[in-house]
$ cat query_6.cif   # mmCIF, C-alpha atoms
data_work
loop_
_atom_site.label_atom_id
_atom_site.label_comp_id
_atom_site.auth_asym_id
_atom_site.auth_seq_id
_atom_site.Cartn_x
_atom_site.Cartn_y
_atom_site.Cartn_z
CA MET R 455 9.32 -19.52 -45.69
CA SER R 456 12.14 -19.02 -48.26
CA GLU R 457 9.70 -19.87 -51.01
CA TYR R 458 7.42 -17.17 -49.71
CA PHE R 459 10.17 -14.56 -49.81
CA ALA R 460 11.25 -15.65 -53.28
CA ARG R 461 7.71 -15.10 -54.47
CA ALA R 462 7.57 -11.72 -52.78
CA VAL R 463 10.80 -10.66 -54.49
CA ASN R 464 9.48 -11.79 -57.88
CA ILE R 465 6.29 -9.80 -57.43
CA LYS R 466 8.32 -6.76 -56.49
CA LEU R 467 10.62 -7.08 -59.53
CA ASN R 468 7.66 -7.52 -61.87
CA SER R 469 5.80 -4.51 -60.54
CA ALA R 470 8.97 -2.41 -60.73
CA THR R 471 9.43 -3.10 -64.45
CA LYS R 472 5.75 -2.60 -65.24
CA SER R 473 5.28 0.69 -63.40
CA GLY R 474 8.16 2.41 -65.13
CA ARG R 475 6.25 5.71 -65.42
CA SER R 476 5.85 6.65 -61.77
CA GLU R 477 8.96 7.20 -59.70
CA VAL R 478 9.63 4.78 -56.88
CA LYS R 479 11.03 6.41 -53.76
CA ARG R 480 12.57 4.87 -50.69
CA PHE R 481 11.06 5.49 -47.27
CA SER R 482 12.04 4.73 -43.74
CA VAL R 483 9.08 3.75 -41.60
CA ARG R 484 9.08 3.78 -37.82
CA ILE R 485 6.23 2.00 -36.08
CA GLU R 486 5.83 2.46 -32.36
CA ILE R 487 3.67 -0.17 -30.69
CA LYS R 488 2.63 0.31 -27.09
CA LEU R 489 0.03 -1.06 -24.74
CA LYS R 490 -3.15 1.01 -24.57
CA PRO R 491 -3.18 3.37 -21.58
CA VAL R 492 -5.99 1.38 -19.92
CA VAL R 493 -4.04 -1.89 -20.13
CA LEU R 494 -1.79 -2.71 -17.18
CA ASP R 495 1.84 -3.16 -18.26
CA PRO R 496 3.61 -5.87 -16.20
CA GLN R 497 6.89 -5.29 -18.07
CA GLY R 498 6.74 -1.54 -17.38
CA LYS R 499 6.07 -2.33 -13.74
CA ALA R 500 9.18 -4.53 -13.58
CA VAL R 501 11.26 -1.69 -15.06
CA LEU R 502 9.71 0.79 -12.63
CA ASN R 503 10.58 -1.45 -9.67
CA ALA R 504 14.12 -2.01 -10.94
CA LEU R 505 14.69 1.73 -11.42
CA GLY R 506 13.39 2.34 -7.89
CA GLY R 507 15.84 -0.30 -6.67
CA LEU R 508 18.69 1.60 -8.32
CA GLY R 509 17.73 4.71 -6.40
CA PHE R 510 15.81 6.51 -9.16
CA GLU R 511 12.94 7.22 -6.84
CA GLU R 512 11.72 10.14 -8.94
CA VAL R 513 10.38 7.70 -11.55
CA LEU R 514 6.61 7.48 -11.08
CA ASP R 515 5.61 5.34 -14.01
CA ALA R 516 7.25 3.27 -16.75
CA ARG R 517 5.71 1.66 -19.79
CA VAL R 518 7.50 -0.60 -22.25
CA GLY R 519 6.67 -0.80 -25.95
CA LYS R 520 8.20 -2.00 -29.19
CA ILE R 521 9.61 -0.19 -32.21
CA VAL R 522 9.60 -1.77 -35.64
CA GLU R 523 11.70 0.00 -38.29
CA LEU R 524 11.08 -0.78 -41.93
CA THR R 525 12.67 0.32 -45.18
CA MET R 526 10.07 0.39 -47.91
CA ASP R 527 9.84 1.36 -51.57
CA GLY R 528 6.73 3.13 -52.78
CA GLU R 529 5.30 5.99 -54.76
CA SER R 530 4.10 8.24 -51.95
CA ALA R 531 4.25 8.64 -48.18
CA GLU R 532 0.44 8.20 -48.03
CA ASP R 533 0.68 4.89 -49.83
CA ILE R 534 3.44 3.71 -47.46
CA ARG R 535 1.49 4.88 -44.41
CA HIS R 536 -1.59 3.03 -45.61
CA LYS R 537 0.39 -0.20 -46.08
CA ALA R 538 2.10 0.14 -42.69
CA GLY R 539 -1.32 0.61 -41.11
CA GLU R 540 -2.47 -2.62 -42.68
CA MET R 541 0.66 -4.37 -41.38
CA CYS R 542 -0.18 -3.16 -37.89
CA ARG R 543 -3.74 -4.40 -38.11
CA ARG R 544 -2.81 -7.80 -39.53
CA LEU R 545 0.41 -8.67 -37.72
CA LEU R 546 2.52 -6.09 -35.93
CA SER R 547 0.09 -5.01 -33.22
CA ASN R 548 -2.81 -6.61 -31.41
CA PRO R 549 -5.59 -3.99 -31.53
CA VAL R 550 -7.22 -5.52 -28.44
CA ILE R 551 -4.36 -4.36 -26.20
CA GLU R 552 -2.03 -2.21 -28.30
CA ASP R 553 -1.95 1.15 -30.09
CA SER R 554 0.47 1.91 -32.89
CA VAL R 555 1.95 5.16 -34.18
CA ILE R 556 3.39 5.23 -37.70
CA GLU R 557 6.02 7.72 -38.86
CA VAL R 558 7.05 7.82 -42.52
CA ALA R 559 10.08 9.73 -43.84
CA GLU R 560 11.49 9.74 -47.35
CA LYS R 561 15.10 8.65 -47.50
CA GLN R 562 17.09 11.37 -49.22
CA ASP R 563 20.09 9.24 -50.12
CA ALA R 564 18.12 6.63 -52.05
CA MET Y 951 -13.68 -44.06 -32.72
CA PRO Y 952 -13.04 -40.36 -33.27
CA ASP Y 953 -9.87 -39.34 -35.07
CA PHE Y 954 -7.82 -36.74 -33.25
CA GLY Y 955 -5.28 -34.44 -34.88
CA VAL Y 956 -2.59 -32.62 -32.93
CA LEU Y 957 -1.17 -29.64 -34.85
CA LEU Y 958 2.58 -29.12 -34.85
CA PHE Y 959 4.15 -25.69 -35.42
CA PRO Y 960 7.87 -24.88 -35.37
CA GLY Y 961 8.44 -24.41 -31.65
CA SER Y 962 5.47 -26.42 -30.34
CA ASN Y 963 6.62 -28.63 -27.47
CA CYS Y 964 3.53 -30.27 -26.00
CA GLU Y 965 2.43 -32.22 -29.08
CA SER Y 966 3.96 -35.49 -27.84
CA ASP Y 967 2.25 -35.15 -24.46
CA CYS Y 968 -1.10 -34.55 -26.18
CA TYR Y 969 -0.49 -37.46 -28.55
CA HIS Y 970 0.42 -39.73 -25.63
CA ALA Y 971 -2.67 -38.74 -23.64
CA ILE Y 972 -5.00 -39.35 -26.58
CA LYS Y 973 -3.34 -42.39 -28.17
CA GLU Y 974 -1.93 -44.27 -25.18
CA VAL Y 975 -4.08 -43.17 -22.25
CA LEU Y 976 -7.43 -42.89 -24.04
CA GLY Y 977 -6.65 -45.40 -26.80
CA GLN Y 978 -8.05 -43.18 -29.55
CA PRO Y 979 -6.62 -42.79 -33.07
CA CYS Y 980 -4.41 -39.73 -33.22
CA ASP Y 981 -2.14 -38.07 -35.77
CA ILE Y 982 0.36 -35.26 -35.52
CA VAL Y 983 -0.38 -32.73 -38.25
CA TRP Y 984 2.41 -30.46 -39.57
CA HIS Y 985 1.44 -26.80 -39.78
CA GLU Y 986 1.93 -26.69 -43.57
CA GLU Y 987 -0.98 -29.08 -44.17
CA THR Y 988 -3.78 -27.47 -46.15
CA SER Y 989 -6.44 -30.05 -45.31
CA LEU Y 990 -7.76 -31.45 -42.06
CA GLU Y 991 -10.30 -33.72 -43.69
CA GLY Y 992 -11.40 -36.75 -41.71
CA ILE Y 993 -10.27 -35.35 -38.36
CA ASP Y 994 -13.00 -35.23 -35.72
CA CYS Y 995 -11.18 -33.20 -33.09
CA ILE Y 996 -8.20 -30.83 -33.36
CA VAL Y 997 -5.74 -30.12 -30.57
CA VAL Y 998 -3.59 -26.98 -30.86
CA PRO Y 999 -0.82 -27.80 -28.38
CA GLY Y 1000 1.37 -25.63 -26.19
CA GLY Y 1001 4.95 -24.55 -26.63
CA PHE Y 1002 6.66 -21.52 -28.10
CA SER Y 1003 5.50 -21.44 -31.72
CA TYR Y 1004 7.91 -19.28 -33.74
CA GLY Y 1005 9.79 -18.50 -30.53
CA ASP Y 1006 6.88 -16.35 -29.30
CA TYR Y 1007 8.35 -13.58 -31.49
CA LEU Y 1008 6.31 -10.37 -31.68
CA ARG Y 1009 3.53 -11.78 -29.47
CA ALA Y 1010 2.82 -15.36 -28.40
CA GLY Y 1011 0.86 -17.00 -31.22
CA ALA Y 1012 1.07 -13.96 -33.54
CA ILE Y 1013 3.05 -15.67 -36.31
CA ALA Y 1014 1.62 -19.19 -36.08
CA ARG Y 1015 -1.79 -17.86 -37.04
CA PHE Y 1016 -0.51 -17.36 -40.60
CA SER Y 1017 0.44 -21.03 -41.02
CA PRO Y 1018 -1.38 -22.78 -43.91
CA VAL Y 1019 -3.14 -25.18 -41.54
CA MET Y 1020 -4.98 -22.26 -39.94
CA ASN Y 1021 -7.23 -21.95 -43.04
CA PRO Y 1022 -8.82 -25.40 -42.80
CA LEU Y 1023 -8.85 -24.96 -39.02
CA ALA Y 1024 -11.01 -21.84 -39.33
CA ARG Y 1025 -13.38 -23.71 -41.65
CA LEU Y 1026 -13.72 -26.61 -39.18
CA ALA Y 1027 -14.29 -24.10 -36.37
CA ALA Y 1028 -17.20 -22.62 -38.30
CA GLU Y 1029 -18.58 -26.10 -39.03
CA GLY Y 1030 -18.74 -26.89 -35.31
CA VAL Y 1031 -15.86 -29.40 -35.13
CA PRO Y 1032 -14.39 -29.60 -31.59
CA ILE Y 1033 -11.11 -27.68 -31.35
CA ILE Y 1034 -9.08 -27.25 -28.19
CA GLY Y 1035 -6.13 -24.85 -27.85
CA ILE Y 1036 -3.92 -25.44 -24.83
CA CYS Y 1037 -1.52 -22.79 -23.48
CA ASN Y 1038 0.35 -21.50 -26.56
CA GLY Y 1039 -2.44 -23.16 -28.57
CA PHE Y 1040 -4.91 -20.90 -26.75
CA GLN Y 1041 -2.71 -17.90 -27.60
CA ILE Y 1042 -2.71 -18.94 -31.28
CA LEU Y 1043 -6.52 -19.26 -31.33
CA VAL Y 1044 -6.85 -15.81 -29.74
CA GLU Y 1045 -4.40 -14.22 -32.20
CA SER Y 1046 -6.24 -15.84 -35.11
CA GLY Y 1047 -9.53 -14.37 -33.94
CA LEU Y 1048 -11.22 -17.75 -33.37
CA LEU Y 1049 -11.48 -16.81 -29.68
CA PRO Y 1050 -11.86 -13.36 -28.08
CA GLY Y 1051 -9.27 -11.56 -25.96
CA ALA Y 1052 -5.51 -11.13 -25.79
CA PHE Y 1053 -2.63 -12.07 -23.50
CA LEU Y 1054 -0.29 -9.97 -21.37
CA HIS Y 1055 2.69 -10.98 -19.27
CA ASN Y 1056 1.68 -12.55 -15.96
CA SER Y 1057 0.98 -9.93 -13.30
CA SER Y 1058 3.66 -11.60 -11.13
CA LEU Y 1059 6.15 -10.83 -13.95
CA ARG Y 1060 7.31 -14.43 -13.70
CA PHE Y 1061 7.02 -17.64 -15.63
CA VAL Y 1062 4.50 -19.53 -13.54
CA CYS Y 1063 4.65 -23.33 -13.31
CA ARG Y 1064 2.33 -24.79 -10.70
CA TRP Y 1065 -0.86 -26.69 -10.01
CA THR Y 1066 -4.10 -24.77 -10.33
CA TYR Y 1067 -7.71 -25.55 -9.53
CA LEU Y 1068 -10.39 -24.77 -12.05
CA ARG Y 1069 -14.10 -24.39 -11.62
CA VAL Y 1070 -16.19 -25.62 -14.52
CA GLU Y 1071 -18.51 -22.77 -15.55
CA ASP Y 1072 -19.96 -24.04 -18.81
CA THR Y 1073 -20.71 -27.69 -19.57
CA ASP Y 1074 -22.20 -27.09 -23.02
CA THR Y 1075 -18.90 -27.62 -24.87
CA PRO Y 1076 -17.48 -30.88 -26.27
CA PHE Y 1077 -14.67 -30.80 -23.70
CA THR Y 1078 -16.79 -30.23 -20.61
CA TRP Y 1079 -20.09 -31.94 -21.34
CA LEU Y 1080 -19.21 -34.97 -19.18
CA LEU Y 1081 -18.55 -32.63 -16.25
CA ARG Y 1082 -20.95 -30.77 -14.00
CA GLU Y 1083 -21.09 -27.05 -13.48
CA GLY Y 1084 -19.17 -26.30 -10.31
CA ASP Y 1085 -16.85 -29.31 -10.63
CA VAL Y 1086 -13.29 -28.41 -9.63
CA LEU Y 1087 -10.41 -29.79 -11.74
CA LYS Y 1088 -6.77 -29.93 -10.74
CA LEU Y 1089 -4.52 -29.11 -13.72
CA PRO Y 1090 -1.05 -27.55 -14.03
CA VAL Y 1091 -0.17 -24.26 -15.76
CA ALA Y 1092 3.22 -23.34 -17.18
CA ASN Y 1093 3.40 -19.99 -18.94
CA ALA Y 1094 4.81 -16.46 -18.91
CA GLN Y 1095 1.99 -14.79 -20.83
CA GLY Y 1096 -1.16 -16.23 -19.36
CA ASN Y 1097 -2.70 -12.97 -18.27
CA PHE Y 1098 -5.92 -13.02 -20.27
CA VAL Y 1099 -7.59 -9.69 -21.02
CA LEU Y 1100 -10.66 -8.71 -22.98
CA LYS Y 1101 -11.60 -5.61 -24.90
CA ALA Y 1102 -13.92 -3.47 -22.76
CA GLY Y 1103 -17.52 -4.59 -23.13
CA VAL Y 1104 -16.76 -8.05 -24.51
CA ILE Y 1105 -18.48 -10.78 -22.54
CA PRO Y 1106 -16.91 -14.15 -23.36
CA ARG Y 1107 -18.20 -17.63 -22.89
CA THR Y 1108 -16.14 -18.51 -19.84
CA VAL Y 1109 -15.65 -22.26 -19.46
CA LEU Y 1110 -13.01 -22.50 -16.71
CA ARG Y 1111 -12.05 -20.14 -13.88
CA TYR Y 1112 -9.10 -20.36 -11.50
CA CYS Y 1113 -10.30 -21.09 -7.98
CA GLU Y 1114 -9.31 -22.61 -4.65
CA PRO Y 1115 -9.66 -26.41 -4.22
CA ASN Y 1116 -13.09 -25.78 -2.66
CA GLY Y 1117 -14.27 -23.77 -5.67
CA GLU Y 1118 -13.96 -20.31 -4.12
CA TYR Y 1119 -12.41 -17.47 -6.07
CA ASN Y 1120 -9.61 -15.26 -4.82
CA ASP Y 1121 -6.54 -13.53 -6.25
CA ALA Y 1122 -4.12 -16.11 -4.84
CA ALA Y 1123 -5.80 -18.85 -6.88
CA ASN Y 1124 -5.30 -16.88 -10.12
CA PRO Y 1125 -1.71 -17.64 -11.25
CA SER Y 1126 -1.40 -15.00 -13.96
CA GLY Y 1127 -3.73 -12.16 -12.98
CA SER Y 1128 -6.23 -13.12 -15.68
CA GLN Y 1129 -9.28 -10.92 -16.01
CA ASP Y 1130 -12.22 -12.36 -14.02
CA ALA Y 1131 -9.92 -15.33 -13.16
CA ILE Y 1132 -10.55 -16.70 -16.65
CA ALA Y 1133 -8.55 -19.84 -17.41
CA GLY Y 1134 -10.55 -21.05 -20.41
CA VAL Y 1135 -13.02 -19.53 -22.87
CA ALA Y 1136 -15.06 -20.89 -25.76
CA ASN Y 1137 -16.37 -19.26 -28.93
CA ALA Y 1138 -20.07 -18.37 -29.07
CA GLN Y 1139 -20.91 -21.73 -30.65
CA GLY Y 1140 -19.01 -23.57 -27.89
CA ASN Y 1141 -17.00 -25.93 -30.12
CA VAL Y 1142 -13.71 -24.01 -29.90
CA LEU Y 1143 -12.15 -23.98 -26.43
CA GLY Y 1144 -8.95 -22.26 -25.36
CA MET Y 1145 -7.39 -22.90 -21.97
CA MET Y 1146 -4.09 -22.06 -20.30
CA PRO Y 1147 -3.80 -25.12 -18.00
CA HIS Y 1148 -2.58 -28.42 -19.47
CA PRO Y 1149 -5.09 -31.31 -19.42
CA GLU Y 1150 -2.56 -33.51 -21.26
CA ARG Y 1151 -0.14 -33.18 -18.33
CA SER Y 1152 -2.72 -34.45 -15.88
CA ALA Y 1153 -4.26 -37.37 -17.71
CA GLU Y 1154 -2.68 -40.17 -15.63
CA SER Y 1155 -2.34 -40.78 -11.90
CA VAL Y 1156 1.46 -40.79 -12.22
CA PHE Y 1157 1.26 -37.03 -12.86
CA GLY Y 1158 -0.59 -36.34 -9.60
CA SER Y 1159 -3.98 -35.69 -11.20
CA GLU Y 1160 -6.17 -37.49 -13.70
CA ASP Y 1161 -8.61 -34.62 -14.12
CA GLY Y 1162 -7.24 -33.65 -17.54
CA ARG Y 1163 -8.29 -37.00 -18.93
CA LYS Y 1164 -11.92 -36.12 -18.21
CA MET Y 1165 -11.77 -33.34 -20.79
CA PHE Y 1166 -10.44 -35.64 -23.53
CA GLU Y 1167 -12.93 -38.37 -22.55
CA SER Y 1168 -15.64 -35.77 -22.74
CA ALA Y 1169 -14.63 -34.91 -26.31
CA VAL Y 1170 -14.64 -38.60 -27.31
CA SER Y 1171 -18.10 -39.09 -25.85
CA TRP Y 1172 -19.41 -35.87 -27.43
CA ILE Y 1173 -18.12 -36.81 -30.90
CA GLU Y 1174 -19.50 -40.36 -30.71
CA SER Y 1175 -22.90 -39.11 -29.58
CA HIS Y 1176 -23.03 -36.56 -32.36
CA LYS Y 1177 -21.97 -39.12 -34.94
CA ASN Y 1178 -24.71 -41.47 -33.73
CA ARG Y 1179 -27.22 -38.65 -33.94
CA GLU Y 1180 -26.10 -37.79 -37.48
CA SER Y 1181 -26.41 -41.36 -38.70
CA ALA Y 1182 -29.79 -41.79 -36.99
CA LEU Y 1183 -31.04 -38.62 -38.69
CA ARG Y 1184 -29.74 -39.83 -42.04
CA MET Y 1185 -31.50 -43.21 -41.63
CA GLN Y 1186 -34.70 -41.41 -40.72
CA GLU Y 1187 -34.44 -39.29 -43.86
CA GLN Y 1188 -33.93 -42.38 -46.06
CA THR Y 1189 -37.03 -44.21 -44.79
#
$ encode --input "query_6.cif" --output "structure tokens"
Amino acid sequence: MSEYFARAVNIKLNSATKSGRSEVKRFSVRIEIKLKPVVLDPQGKAVLNALGGLGFEEVLDARVGKIVELTMDGESAEDIRHKAGEMCRRLLSNPVIEDSVIEVAEKQDA
Amino acid sequence: MPDFGVLLFPGSNCESDCYHAIKEVLGQPCDIVWHEETSLEGIDCIVVPGGFSYGDYLRAGAIARFSPVMNPLARLAAEGVPIIGICNGFQILVESGLLPGAFLHNSSLRFVCRWTYLRVEDTDTPFTWLLREGDVLKLPVANAQGNFVLKAGVIPRTVLRYCEPNGEYNDAANPSGSQDAIAGVANAQGNVLGMMPHPERSAESVFGSEDGRKMFESAVSWIESHKNRESALRMQEQT
């Protein structure tokens, strides 16, 4: 694995020196992954039952998802969004059971 | 004799049981293959064992599918080589796209460890061809995410279904809430089988069931028959 990361860092350094013309910005990316509405959510059901047990009887439904936060360098928000979408398809979500929502924001302090 | 290969990922924990069942109980040649291998040449049957590959991070099987050994595995799958994924191995095959579907947490919300009964639905796979349709096998399950689901409209090749000892279906017999009581599915070709129950943990009478051995014996017989057929065809072509 460490070899893999070392290679990734090298690629990044190389591309940074080569593409000196365009400005590289820093983005924060928030990916929300949740089960599709049609898929039953056993974890959400456990939370719902536990909340009911605590006396929160007004809770009618609960669904549990995941949030993945990334910090990424890139030239544009569109480019970052496109890459994050590919990450979702290939690893972060399972399209058979999950939907993902991607939010991209440029970091001002970078 | 067919050569078996049992894959080993970081976090696999059933590889020794599979190795024991194949090597000691069946007496077949067997190797444990580290997940960084890039070749599976010379192996006649691959076992993807259970466990918690990569700690089940993200989703069970989601990270293991990027291991180097998955490339030759996909090639062998396409070539028709028998491949069986058991428990976490099934989850890895599903995540890698070699089998359809996905897994959710068990509907009981619990880790389920118990005996199950399975009705054989499809005998045209290397692992079931020495069984008869309707045979009932007694094998144990042990998983937290065994709740198999399919994308709407996908009709899989169901090989094993959870049932009562007499072969009847009901919800109580389904330990994880799997869709259509599915316990095992194959790819369209039939050579890749994924199943949640553990045949390697029921291959000797000391375990309380020997039914699991039938599936490995079936694979041995299937491979030998196909090898014989291949060599007969080759001889025919030469004369």
$ resolve_selection --input "query_6.cif" --expression "the PyMOL selection byres ((chain Y) within 8 of (chain R))" --output "list of chain:residue names"
Y:Leu1008, Y:Ala1012, Y:Ile1013, Y:Glu1045, Y:Gly1051, Y:Ala1052, Y:Leu1054, Y:His1055, Y:Asn1056, Y:Ser1057, Y:Ser1058, Y:Leu1059, Y:Leu1100, Y:Lys1101
$ residues_around --input "query_6.cif" --residues "Asn1093 (chain Y)" --least-positions-apart "2" --cutoff "12 Å" --atoms "only C-alpha atoms" --output "tab-separated table (two decimals) with C-alpha atoms, in the coordinates of the input"
chain	number	residue	atom	x	y	z
Y	1000	GLY	CA	1.37	-25.63	-26.19
Y	1001	GLY	CA	4.95	-24.55	-26.63
Y	1002	PHE	CA	6.66	-21.52	-28.10
Y	1006	ASP	CA	6.88	-16.35	-29.30
Y	1010	ALA	CA	2.82	-15.36	-28.40
Y	1036	ILE	CA	-3.92	-25.44	-24.83
Y	1037	CYS	CA	-1.52	-22.79	-23.48
Y	1038	ASN	CA	0.35	-21.50	-26.56
Y	1039	GLY	CA	-2.44	-23.16	-28.57
Y	1040	PHE	CA	-4.91	-20.90	-26.75
Y	1041	GLN	CA	-2.71	-17.90	-27.60
Y	1053	PHE	CA	-2.63	-12.07	-23.50
Y	1054	LEU	CA	-0.29	-9.97	-21.37
Y	1055	HIS	CA	2.69	-10.98	-19.27
Y	1056	ASN	CA	1.68	-12.55	-15.96
Y	1057	SER	CA	0.98	-9.93	-13.30
Y	1058	SER	CA	3.66	-11.60	-11.13
Y	1059	LEU	CA	6.15	-10.83	-13.95
Y	1060	ARG	CA	7.31	-14.43	-13.70
Y	1061	PHE	CA	7.02	-17.64	-15.63
Y	1062	VAL	CA	4.50	-19.53	-13.54
Y	1063	CYS	CA	4.65	-23.33	-13.31
Y	1064	ARG	CA	2.33	-24.79	-10.70
Y	1065	TRP	CA	-0.86	-26.69	-10.01
Y	1090	PRO	CA	-1.05	-27.55	-14.03
Y	1091	VAL	CA	-0.17	-24.26	-15.76
Y	1095	GLN	CA	1.99	-14.79	-20.83
Y	1096	GLY	CA	-1.16	-16.23	-19.36
Y	1097	ASN	CA	-2.70	-12.97	-18.27
Y	1098	PHE	CA	-5.92	-13.02	-20.27
Y	1125	PRO	CA	-1.71	-17.64	-11.25
Y	1126	SER	CA	-1.40	-15.00	-13.96
Y	1145	MET	CA	-7.39	-22.90	-21.97
Y	1146	MET	CA	-4.09	-22.06	-20.30
Y	1147	PRO	CA	-3.80	-25.12	-18.00
Y	1148	HIS	CA	-2.58	-28.42	-19.47
$ atom_distance --input "query_6.cif" --atom1 "CA of Asp515 (chain R)" --atom2 "CA of Lys490 (chain R)"
14.4 Å
$ resolve_selection --input "query_6.cif" --expression "the PyMOL selection byres ((chain Y and resi 959) around 9)" --output "PDB file with C-alpha atoms, in the coordinates of the input"
ATOM      1  CA  LEU Y 957      -1.170 -29.640 -34.850  1.00  0.00           C
ATOM      2  CA  LEU Y 958       2.580 -29.120 -34.850  1.00  0.00           C
ATOM      3  CA  PRO Y 960       7.870 -24.880 -35.370  1.00  0.00           C
ATOM      4  CA  GLY Y 961       8.440 -24.410 -31.650  1.00  0.00           C
ATOM      5  CA  SER Y 962       5.470 -26.420 -30.340  1.00  0.00           C
ATOM      6  CA  ASN Y 963       6.620 -28.630 -27.470  1.00  0.00           C
ATOM      7  CA  VAL Y 983      -0.380 -32.730 -38.250  1.00  0.00           C
ATOM      8  CA  TRP Y 984       2.410 -30.460 -39.570  1.00  0.00           C
ATOM      9  CA  HIS Y 985       1.440 -26.800 -39.780  1.00  0.00           C
ATOM     10  CA  GLU Y 986       1.930 -26.690 -43.570  1.00  0.00           C
ATOM     11  CA  PRO Y 999      -0.820 -27.800 -28.380  1.00  0.00           C
ATOM     12  CA  GLY Y1001       4.950 -24.550 -26.630  1.00  0.00           C
ATOM     13  CA  PHE Y1002       6.660 -21.520 -28.100  1.00  0.00           C
ATOM     14  CA  SER Y1003       5.500 -21.440 -31.720  1.00  0.00           C
ATOM     15  CA  TYR Y1004       7.910 -19.280 -33.740  1.00  0.00           C
ATOM     16  CA  ALA Y1014       1.620 -19.190 -36.080  1.00  0.00           C
ATOM     17  CA  SER Y1017       0.440 -21.030 -41.020  1.00  0.00           C
TER      18      SER Y1017
END
$ atom_distance --input "query_6.cif" --atom1 "CA of Ile1105 (chain Y)" --atom2 "CA of Gly1140 (chain Y)"
13.9 Å
$ residues_around --input "query_6.cif" --residues "Val1135 (chain Y)" --least-positions-apart "6" --cutoff "7 Å" --atoms "all atoms listed in the file" --output "list in words"
Pro1106, Arg1107, Thr1108, Val1109, Leu1110, Leu1143, Gly1144 and Met1145 of chain Y
$ residues_around --input "query_6.cif" --residues "Glu512 (chain R)" --least-positions-apart "5" --cutoff "12 Å" --atoms "all atoms listed in the file" --output "number ranges by chain"
R: 502-503, 505-507
$ atom_distance --input "query_6.cif" --atom1 "CA of Ala1123 (chain Y)" --atom2 "CA of Val1070 (chain Y)"
14.6 Å
$ residues_around --input "query_6.cif" --residues "region 529-533 of chain R" --least-positions-apart "3" --cutoff "7 Å" --atoms "only C-alpha atoms" --output "ChimeraX atom specification"
/R:477-479,536-537,558
$ closest_residue --input "query_6.cif" --among "R:Glu540, R:Glu560, R:Asp553, R:Glu523" --to "Phe481 (chain R)" --atoms "all atoms listed in the file"
R:Glu560
$ closest_residue --input "query_6.cif" --among "Y:Leu1043, Y:Ala1138, Y:Val998, Y:Leu990" --to "Pro1022 (chain Y)" --atoms "all atoms listed in the file"
Y:Leu990
$ closest_residue --input "query_6.cif" --among "Y:Val1031, Y:Leu1049, Y:Val1019, Y:Leu1081" --to "Ser1168 (chain Y)" --atoms "only C-alpha atoms"
Y:Leu1081
$ residues_around --input "query_6.cif" --residues "Trp1172 (chain Y)" --least-positions-apart "5" --cutoff "9 Å" --atoms "only C-alpha atoms" --output "JSON, numbers by chain"
{"Y": [1075, 1076, 1077, 1079, 1080, 1167, 1177]}
$ resolve_selection --input "query_6.cif" --expression "the PyMOL selection byres ((chain Y and resi 1163) around 12)" --output "PyMOL selection string"
chain Y and resi 968+970-977+1077-1078+1080-1081+1087-1089+1148-1155+1157+1159-1162+1164-1170
$ closest_residue --input "query_6.cif" --among "R:Leu514, R:Met526, R:Leu508, R:Ile485" --to "Lys561 (chain R)" --atoms "all atoms listed in the file"
R:Met526
$ closest_residue --input "query_6.cif" --among "R:Val555, R:Val518, R:Leu524, R:Met541" --to "Val483 (chain R)" --atoms "only C-alpha atoms"
R:Leu524
$ closest_residue --input "query_6.cif" --among "Y:Val1044, Y:Leu1026, Y:Tyr1112, Y:Val1104" --to "Leu1068 (chain Y)" --atoms "all atoms listed in the file"
Y:Tyr1112
$ decode --input "query_6.cif" --residues "region 523-540 of chain R" --atoms "C-alpha atoms" --output "JSON list (two decimals), in the first residue's frame"
[["chain", "number", "residue", "atom", "x", "y", "z"],
["R", 523, "GLU", "CA", -14.94, 14.35, 3.49],
["R", 524, "LEU", "CA", -12.05, 14.89, 1.14],
["R", 525, "THR", "CA", -9.57, 17.69, 0.60],
["R", 526, "MET", "CA", -8.59, 17.85, -3.04],
["R", 527, "ASP", "CA", -6.46, 20.02, -5.30],
["R", 528, "GLY", "CA", -7.73, 20.82, -8.77],
["R", 529, "GLU", "CA", -8.33, 23.46, -11.38],
["R", 530, "SER", "CA", -12.10, 23.78, -11.17],
["R", 531, "ALA", "CA", -15.07, 22.69, -9.09],
["R", 532, "GLU", "CA", -16.47, 20.83, -12.14],
["R", 533, "ASP", "CA", -13.27, 18.85, -12.49],
["R", 534, "ILE", "CA", -13.32, 17.96, -8.77],
["R", 535, "ARG", "CA", -17.00, 17.01, -8.92],
["R", 536, "HIS", "CA", -16.35, 14.77, -11.91],
["R", 537, "LYS", "CA", -13.50, 13.00, -10.09],
["R", 538, "ALA", "CA", -15.53, 12.59, -6.90],
["R", 539, "GLY", "CA", -18.33, 11.07, -8.98],
["R", 540, "GLU", "CA", -15.89, 8.55, -10.38]]
